[in-house]
>>> print(open('upload.txt').read())   # compact mmCIF, C-alpha atoms and all ligand atoms
# COMPACT_ATOMS: atom_id res chain seq x y z
CA MET A 1 39.23 65.44 97.66
CA THR A 2 36.56 64.60 95.07
CA ASP A 3 39.04 64.81 92.22
CA LEU A 4 41.63 62.63 93.93
CA LEU A 5 40.47 59.33 92.48
CA PRO A 6 40.64 60.25 88.76
CA LEU A 7 44.02 61.90 89.38
CA LEU A 8 45.45 58.79 91.01
CA GLN A 9 44.04 56.72 88.16
CA ALA A 10 45.75 59.04 85.68
CA PHE A 11 49.02 58.68 87.62
CA TYR A 12 48.57 54.92 87.59
CA ARG A 13 48.20 54.85 83.82
CA GLU A 14 51.22 57.13 83.43
CA LYS A 15 53.35 54.89 85.63
CA LEU A 16 52.08 51.81 83.83
CA THR A 17 52.97 53.30 80.45
CA MET A 18 56.44 54.10 81.75
CA MET A 19 56.95 50.59 83.11
CA LEU A 20 55.83 49.00 79.84
CA ARG A 21 58.34 51.24 78.06
CA HIS A 22 61.10 50.11 80.41
CA GLN A 23 60.11 46.48 79.93
CA ALA A 24 60.27 46.89 76.17
CA ALA A 25 63.67 48.57 76.52
CA ALA A 26 64.94 45.82 78.81
CA ARG A 27 64.01 43.22 76.20
CA LEU A 28 66.04 45.08 73.61
CA VAL A 29 69.10 45.45 75.80
CA GLY A 30 71.31 42.40 75.65
CA GLN A 31 74.00 43.58 78.00
CA TYR A 32 73.51 41.96 81.37
CA ASP A 33 74.44 44.90 83.63
CA ILE A 34 72.18 47.34 81.87
CA ASN A 35 69.41 44.79 81.79
CA ASN A 36 69.84 44.32 85.52
CA THR A 37 69.42 48.03 86.09
CA TYR A 38 66.23 47.97 84.06
CA GLN A 39 65.03 44.99 86.07
CA TYR A 40 65.64 46.94 89.28
CA ILE A 41 63.70 49.93 87.97
CA ILE A 42 60.87 47.72 86.73
CA ASN A 43 60.63 45.92 90.08
CA ARG A 44 60.32 49.26 91.86
CA GLU A 45 57.71 50.38 89.37
CA GLU A 46 55.74 47.20 89.95
CA VAL A 47 55.72 47.86 93.70
CA GLN A 48 54.72 51.46 93.09
CA LEU A 49 51.90 50.40 90.77
CA SER A 50 50.54 47.90 93.25
CA TRP A 51 50.62 50.53 95.99
CA LEU A 52 48.91 53.05 93.75
CA ALA A 53 46.28 50.40 93.04
CA THR A 54 45.86 50.03 96.82
CA ALA A 55 45.35 53.78 97.20
CA ILE A 56 42.84 53.78 94.35
CA ALA A 57 40.94 50.78 95.71
CA ASP A 58 40.90 52.55 99.09
CA LEU A 59 38.95 55.37 97.49
CA GLY A 60 36.54 52.89 95.94
CA GLY A 61 38.03 53.09 92.47
CA THR A 62 39.36 50.51 90.09
CA VAL A 63 42.45 50.50 87.90
CA THR A 64 42.57 49.71 84.25
CA ASP A 65 45.56 48.00 82.74
CA GLU A 66 45.28 50.00 79.57
CA PRO A 67 48.05 52.54 79.34
CA GLU A 68 47.05 55.94 78.07
CA PRO A 69 49.09 58.72 76.60
CA THR A 70 50.46 61.02 79.27
CA ARG A 71 47.86 63.37 80.58
CA LYS A 72 48.65 66.47 82.54
CA VAL A 73 47.24 66.39 86.01
CA SER A 74 46.04 69.60 87.54
CA GLY A 75 43.28 71.18 89.53
CA LYS A 76 41.75 70.30 92.85
CA GLY A 77 43.06 67.12 94.34
CA ALA A 78 46.32 67.26 92.39
CA GLU A 79 48.13 68.28 95.54
CA ALA A 80 46.67 65.38 97.52
CA ALA A 81 47.54 62.97 94.72
CA ARG A 82 51.08 64.33 94.58
CA ALA A 83 51.41 63.99 98.33
CA ILE A 84 50.56 60.30 98.04
CA LEU A 85 52.97 59.83 95.15
CA GLN A 86 55.66 61.66 97.08
CA ALA A 87 55.05 59.42 100.10
CA ILE A 88 55.29 56.34 97.86
CA GLU A 89 58.57 57.58 96.36
CA GLU A 90 59.97 58.18 99.83
CA ALA A 91 58.85 54.77 101.04
CA LEU A 92 60.64 53.17 98.08
CA GLY A 93 63.72 55.17 99.03
CA ARG A 94 63.51 53.86 102.58
CA MET A 95 63.27 50.32 101.19
CA GLY A 96 66.58 50.96 99.42
CA LYS A 97 68.13 52.21 102.66
CA GLY A 98 66.71 49.39 104.75
CA THR A 99 64.69 51.72 106.97
CA TYR A 100 61.32 50.81 105.53
CA GLY A 101 58.63 49.93 108.06
CA VAL A 102 60.30 51.83 110.89
CA CYS A 103 58.35 54.67 112.49
CA ARG A 104 59.85 58.07 111.71
CA ASP A 105 58.86 59.49 115.09
CA CYS A 106 59.50 56.76 117.66
CA GLY A 107 61.80 54.40 115.75
CA GLU A 108 59.64 51.38 116.53
CA PRO A 109 58.64 48.91 113.79
CA ILE A 110 55.30 49.75 112.19
CA ALA A 111 52.68 47.00 112.59
CA ALA A 112 52.31 44.76 109.52
CA ALA A 113 48.55 45.35 109.42
CA ARG A 114 49.15 49.10 109.14
CA LEU A 115 51.77 48.61 106.42
CA ASN A 116 49.37 46.39 104.52
CA ALA A 117 46.70 49.07 104.67
CA ILE A 118 49.01 52.02 103.93
CA PRO A 119 52.31 50.64 102.59
CA TRP A 120 53.85 54.13 102.27
CA THR A 121 53.11 55.26 105.81
CA ARG A 122 55.92 56.94 107.75
CA VAL A 123 54.61 56.62 111.29
CA CYS A 124 53.16 53.90 113.50
CA ILE A 125 49.53 54.05 114.56
CA ALA A 126 50.37 55.38 118.06
CA CYS A 127 52.39 58.30 116.64
CA LYS A 128 49.71 58.94 114.00
CA GLU A 129 47.10 59.24 116.73
CA LYS A 130 49.35 61.60 118.69
CA GLN A 131 49.66 63.78 115.55
CA SER A 132 45.93 64.13 114.96
CA SER A 133 44.95 64.70 118.57
ZN ZN B 201 55.81 55.65 116.26
>>> encode(input="upload.txt", output="structure tokens")
Amino acid sequence: MTDLLPLLQAFYREKLTMMLRHQAAARLVGQYDINNTYQYIINREEVQLSWLATAIADLGGTVTDEPEPTRKVSGKGAEAARAILQAIEEALGRMGKGTYGVCRDCGEPIAAARLNAIPWTRVCIACKEKQSS
């Protein structure tokens, strides 16, 4: 897990670079519909970035707002970082479907405090505790 933090920070910079590219593209596109699509993508990316920042802060790290050229992520911790990214992607998908914040296991709403701490979580605290015991 020691390599997790730099990996997440690298992901953050990659995502940030991508969002800045989309923002630049959106400014160039005059057509309203296309621009709207960009806006939707950018909004999602902003949510994703803020969640990534949460994950990074959780590990005691900080994020820089300076985008860096894409760096390949590999080695120890890459799997853990990808798992978090995957969970974030899935959570964004659930937002689109309107099932965000609902426990996957029991179907009950997940407490706001838990969602604030881990916005991409799939299960409520009770089900999480059942899993780990
Ligand atoms: Zn539950």
>>> residues_around(input="upload.txt", residues="Cys103 in chain A", least_positions_apart="3", cutoff="6 Å", atoms="all atoms listed in the file", output="number ranges by chain")
A: 106-110, 122-124
>>> residues_near_point(input="upload.txt", point="(47.2, 59.2, 87.4)", cutoff="10 Å", atoms="all atoms listed in the file", output="ChimeraX atom specification")
/A:4-16,52,56,63,68,70-73,78,81-82,85
>>> closest_residue(input="upload.txt", among="A:His22, A:Arg27, A:Lys128, A:Lys97", to="ligand ZN 201 (chain B)", atoms="all atoms listed in the file")
A:Lys128
>>> closest_residue(input="upload.txt", among="A:Ser132, A:Asp105, A:Tyr40, A:Pro119", to="ligand ZN 201 (chain B)", atoms="all atoms listed in the file")
A:Asp105
>>> atom_distance(input="upload.txt", atom1="CA of Ala126 in chain A", atom2="CA of Tyr100 in chain A")
17.3 Å
>>> atom_distance(input="upload.txt", atom1="CA of Trp120 in chain A", atom2="atom ZN of ligand ZN 201 (chain B)")
14.2 Å
>>> atom_distance(input="upload.txt", atom1="CA of Glu79 in chain A", atom2="CA of Val102 in chain A")
25.6 Å
>>> residues_around(input="upload.txt", residues="Gln23 in chain A", least_positions_apart="4", cutoff="10 Å", atoms="only C-alpha atoms", output="count of residues only")
11
>>> closest_residue(input="upload.txt", among="A:Asn43, A:Gln131, A:Gln86, A:Asn116", to="ligand ZN 201 (chain B)", atoms="only C-alpha atoms and all ligand atoms")
A:Gln131
>>> decode(input="upload.txt", residues="range 2-119 of chain A", atoms="C-alpha atoms", output="CSV table (one decimal), in the first residue's frame")
chain,number,residue,atom,x,y,z
A,2,THR,CA,3.0,2.3,0.4
A,3,ASP,CA,3.0,3.2,-3.3
A,4,LEU,CA,-0.7,3.9,-3.4
A,5,LEU,CA,-0.4,7.6,-2.7
A,6,PRO,CA,2.0,8.6,-5.5
A,7,LEU,CA,-0.1,6.5,-7.9
A,8,LEU,CA,-3.3,8.2,-6.9
A,9,GLN,CA,-1.6,11.6,-7.3
A,10,ALA,CA,-0.4,10.5,-10.8
A,11,PHE,CA,-4.0,9.5,-11.6
A,12,TYR,CA,-5.2,12.9,-10.3
A,13,ARG,CA,-2.8,14.8,-12.6
A,14,GLU,CA,-3.8,12.6,-15.6
A,15,LYS,CA,-7.5,13.3,-14.9
A,16,LEU,CA,-6.8,17.0,-14.4
A,17,THR,CA,-4.9,17.2,-17.7
A,18,MET,CA,-7.8,15.4,-19.5
A,19,MET,CA,-10.4,17.8,-17.9
A,20,LEU,CA,-8.3,20.9,-18.9
A,21,ARG,CA,-8.2,19.5,-22.5
A,22,HIS,CA,-12.0,19.0,-22.5
A,23,GLN,CA,-12.5,22.5,-21.1
A,24,ALA,CA,-10.3,23.9,-23.9
A,25,ALA,CA,-12.2,21.9,-26.5
A,26,ALA,CA,-15.5,23.1,-25.0
A,27,ARG,CA,-14.5,26.7,-25.4
A,28,LEU,CA,-13.7,26.1,-29.1
A,29,VAL,CA,-16.9,24.3,-29.8
A,30,GLY,CA,-19.7,26.8,-30.6
A,31,GLN,CA,-22.4,24.3,-31.2
A,32,TYR,CA,-24.7,24.2,-28.2
A,33,ASP,CA,-25.4,20.5,-28.1
A,34,ILE,CA,-21.8,19.4,-28.4
A,35,ASN,CA,-20.8,22.0,-25.9
A,36,ASN,CA,-23.5,20.6,-23.5
A,37,THR,CA,-22.0,17.2,-23.9
A,38,TYR,CA,-18.6,18.6,-23.0
A,39,GLN,CA,-20.1,20.3,-20.0
A,40,TYR,CA,-21.6,17.0,-18.8
A,41,ILE,CA,-18.2,15.3,-19.2
A,42,ILE,CA,-16.4,18.1,-17.5
A,43,ASN,CA,-18.9,18.1,-14.6
A,44,ARG,CA,-18.3,14.4,-14.1
A,45,GLU,CA,-14.6,14.9,-14.2
A,46,GLU,CA,-14.8,17.6,-11.6
A,47,VAL,CA,-16.7,15.3,-9.3
A,48,GLN,CA,-14.1,12.6,-10.0
A,49,LEU,CA,-11.2,14.9,-9.3
A,50,SER,CA,-12.7,16.1,-6.0
A,51,TRP,CA,-13.2,12.5,-4.9
A,52,LEU,CA,-9.7,11.5,-5.9
A,53,ALA,CA,-8.5,14.5,-3.9
A,54,THR,CA,-10.5,13.1,-1.0
A,55,ALA,CA,-8.8,9.7,-1.4
A,56,ILE,CA,-5.4,11.3,-1.5
A,57,ALA,CA,-6.1,13.5,1.5
A,58,ASP,CA,-7.3,10.4,3.3
A,59,LEU,CA,-3.8,8.9,2.8
A,60,GLY,CA,-2.2,12.1,4.1
A,61,GLY,CA,-1.2,13.4,0.7
A,62,THR,CA,-1.8,16.6,-1.1
A,63,VAL,CA,-2.8,17.3,-4.7
A,64,THR,CA,-1.1,19.7,-7.0
A,65,ASP,CA,-3.1,21.6,-9.6
A,66,GLU,CA,-0.3,21.4,-12.1
A,67,PRO,CA,-1.1,18.9,-14.8
A,68,GLU,CA,1.7,16.7,-15.9
A,69,PRO,CA,2.3,14.7,-19.1
A,70,THR,CA,0.7,11.3,-18.9
A,71,ARG,CA,2.8,8.9,-16.8
A,72,LYS,CA,2.3,5.2,-16.9
A,73,VAL,CA,1.3,3.8,-13.6
A,74,SER,CA,2.6,0.4,-12.6
A,75,GLY,CA,4.1,-1.6,-9.8
A,76,LYS,CA,2.9,-2.2,-6.3
A,77,GLY,CA,-0.2,-0.3,-5.3
A,78,ALA,CA,-1.3,0.1,-8.9
A,79,GLU,CA,-4.0,-2.5,-8.3
A,80,ALA,CA,-5.3,-0.8,-5.2
A,81,ALA,CA,-5.3,2.6,-7.0
A,82,ARG,CA,-7.1,1.1,-10.0
A,83,ALA,CA,-9.7,-0.5,-7.6
A,84,ILE,CA,-10.4,3.0,-6.2
A,85,LEU,CA,-10.6,4.5,-9.7
A,86,GLN,CA,-12.9,1.7,-10.7
A,87,ALA,CA,-15.1,2.2,-7.7
A,88,ILE,CA,-15.3,6.0,-8.5
A,89,GLU,CA,-16.2,5.2,-12.1
A,90,GLU,CA,-19.0,2.9,-10.9
A,91,ALA,CA,-20.3,5.4,-8.4
A,92,LEU,CA,-20.5,8.0,-11.2
A,93,GLY,CA,-22.4,5.4,-13.2
A,94,ARG,CA,-24.8,4.9,-10.3
A,95,MET,CA,-25.3,8.7,-10.1
A,96,GLY,CA,-26.4,8.6,-13.8
A,97,LYS,CA,-28.8,5.8,-13.0
A,98,GLY,CA,-30.2,7.4,-9.9
A,99,THR,CA,-29.1,4.6,-7.6
A,100,TYR,CA,-26.2,6.4,-6.0
A,101,GLY,CA,-26.1,6.3,-2.2
A,102,VAL,CA,-28.1,3.1,-2.0
A,103,CYS,CA,-26.5,0.1,-0.4
A,104,ARG,CA,-25.7,-2.7,-2.9
A,105,ASP,CA,-26.4,-5.4,-0.3
A,106,CYS,CA,-29.4,-4.3,1.7
A,107,GLY,CA,-30.9,-1.6,-0.5
A,108,GLU,CA,-31.1,0.9,2.3
A,109,PRO,CA,-29.8,4.5,1.9
A,110,ILE,CA,-26.1,4.9,2.9
A,111,ALA,CA,-25.6,7.4,5.7
A,112,ALA,CA,-24.5,10.9,4.5
A,113,ALA,CA,-21.5,10.8,6.9
A,114,ARG,CA,-20.3,7.6,5.3
A,115,LEU,CA,-20.8,9.0,1.8
A,116,ASN,CA,-18.9,12.2,2.8
A,117,ALA,CA,-16.0,10.1,4.0
A,118,ILE,CA,-16.0,7.6,1.1
A,119,PRO,CA,-18.2,9.0,-1.7
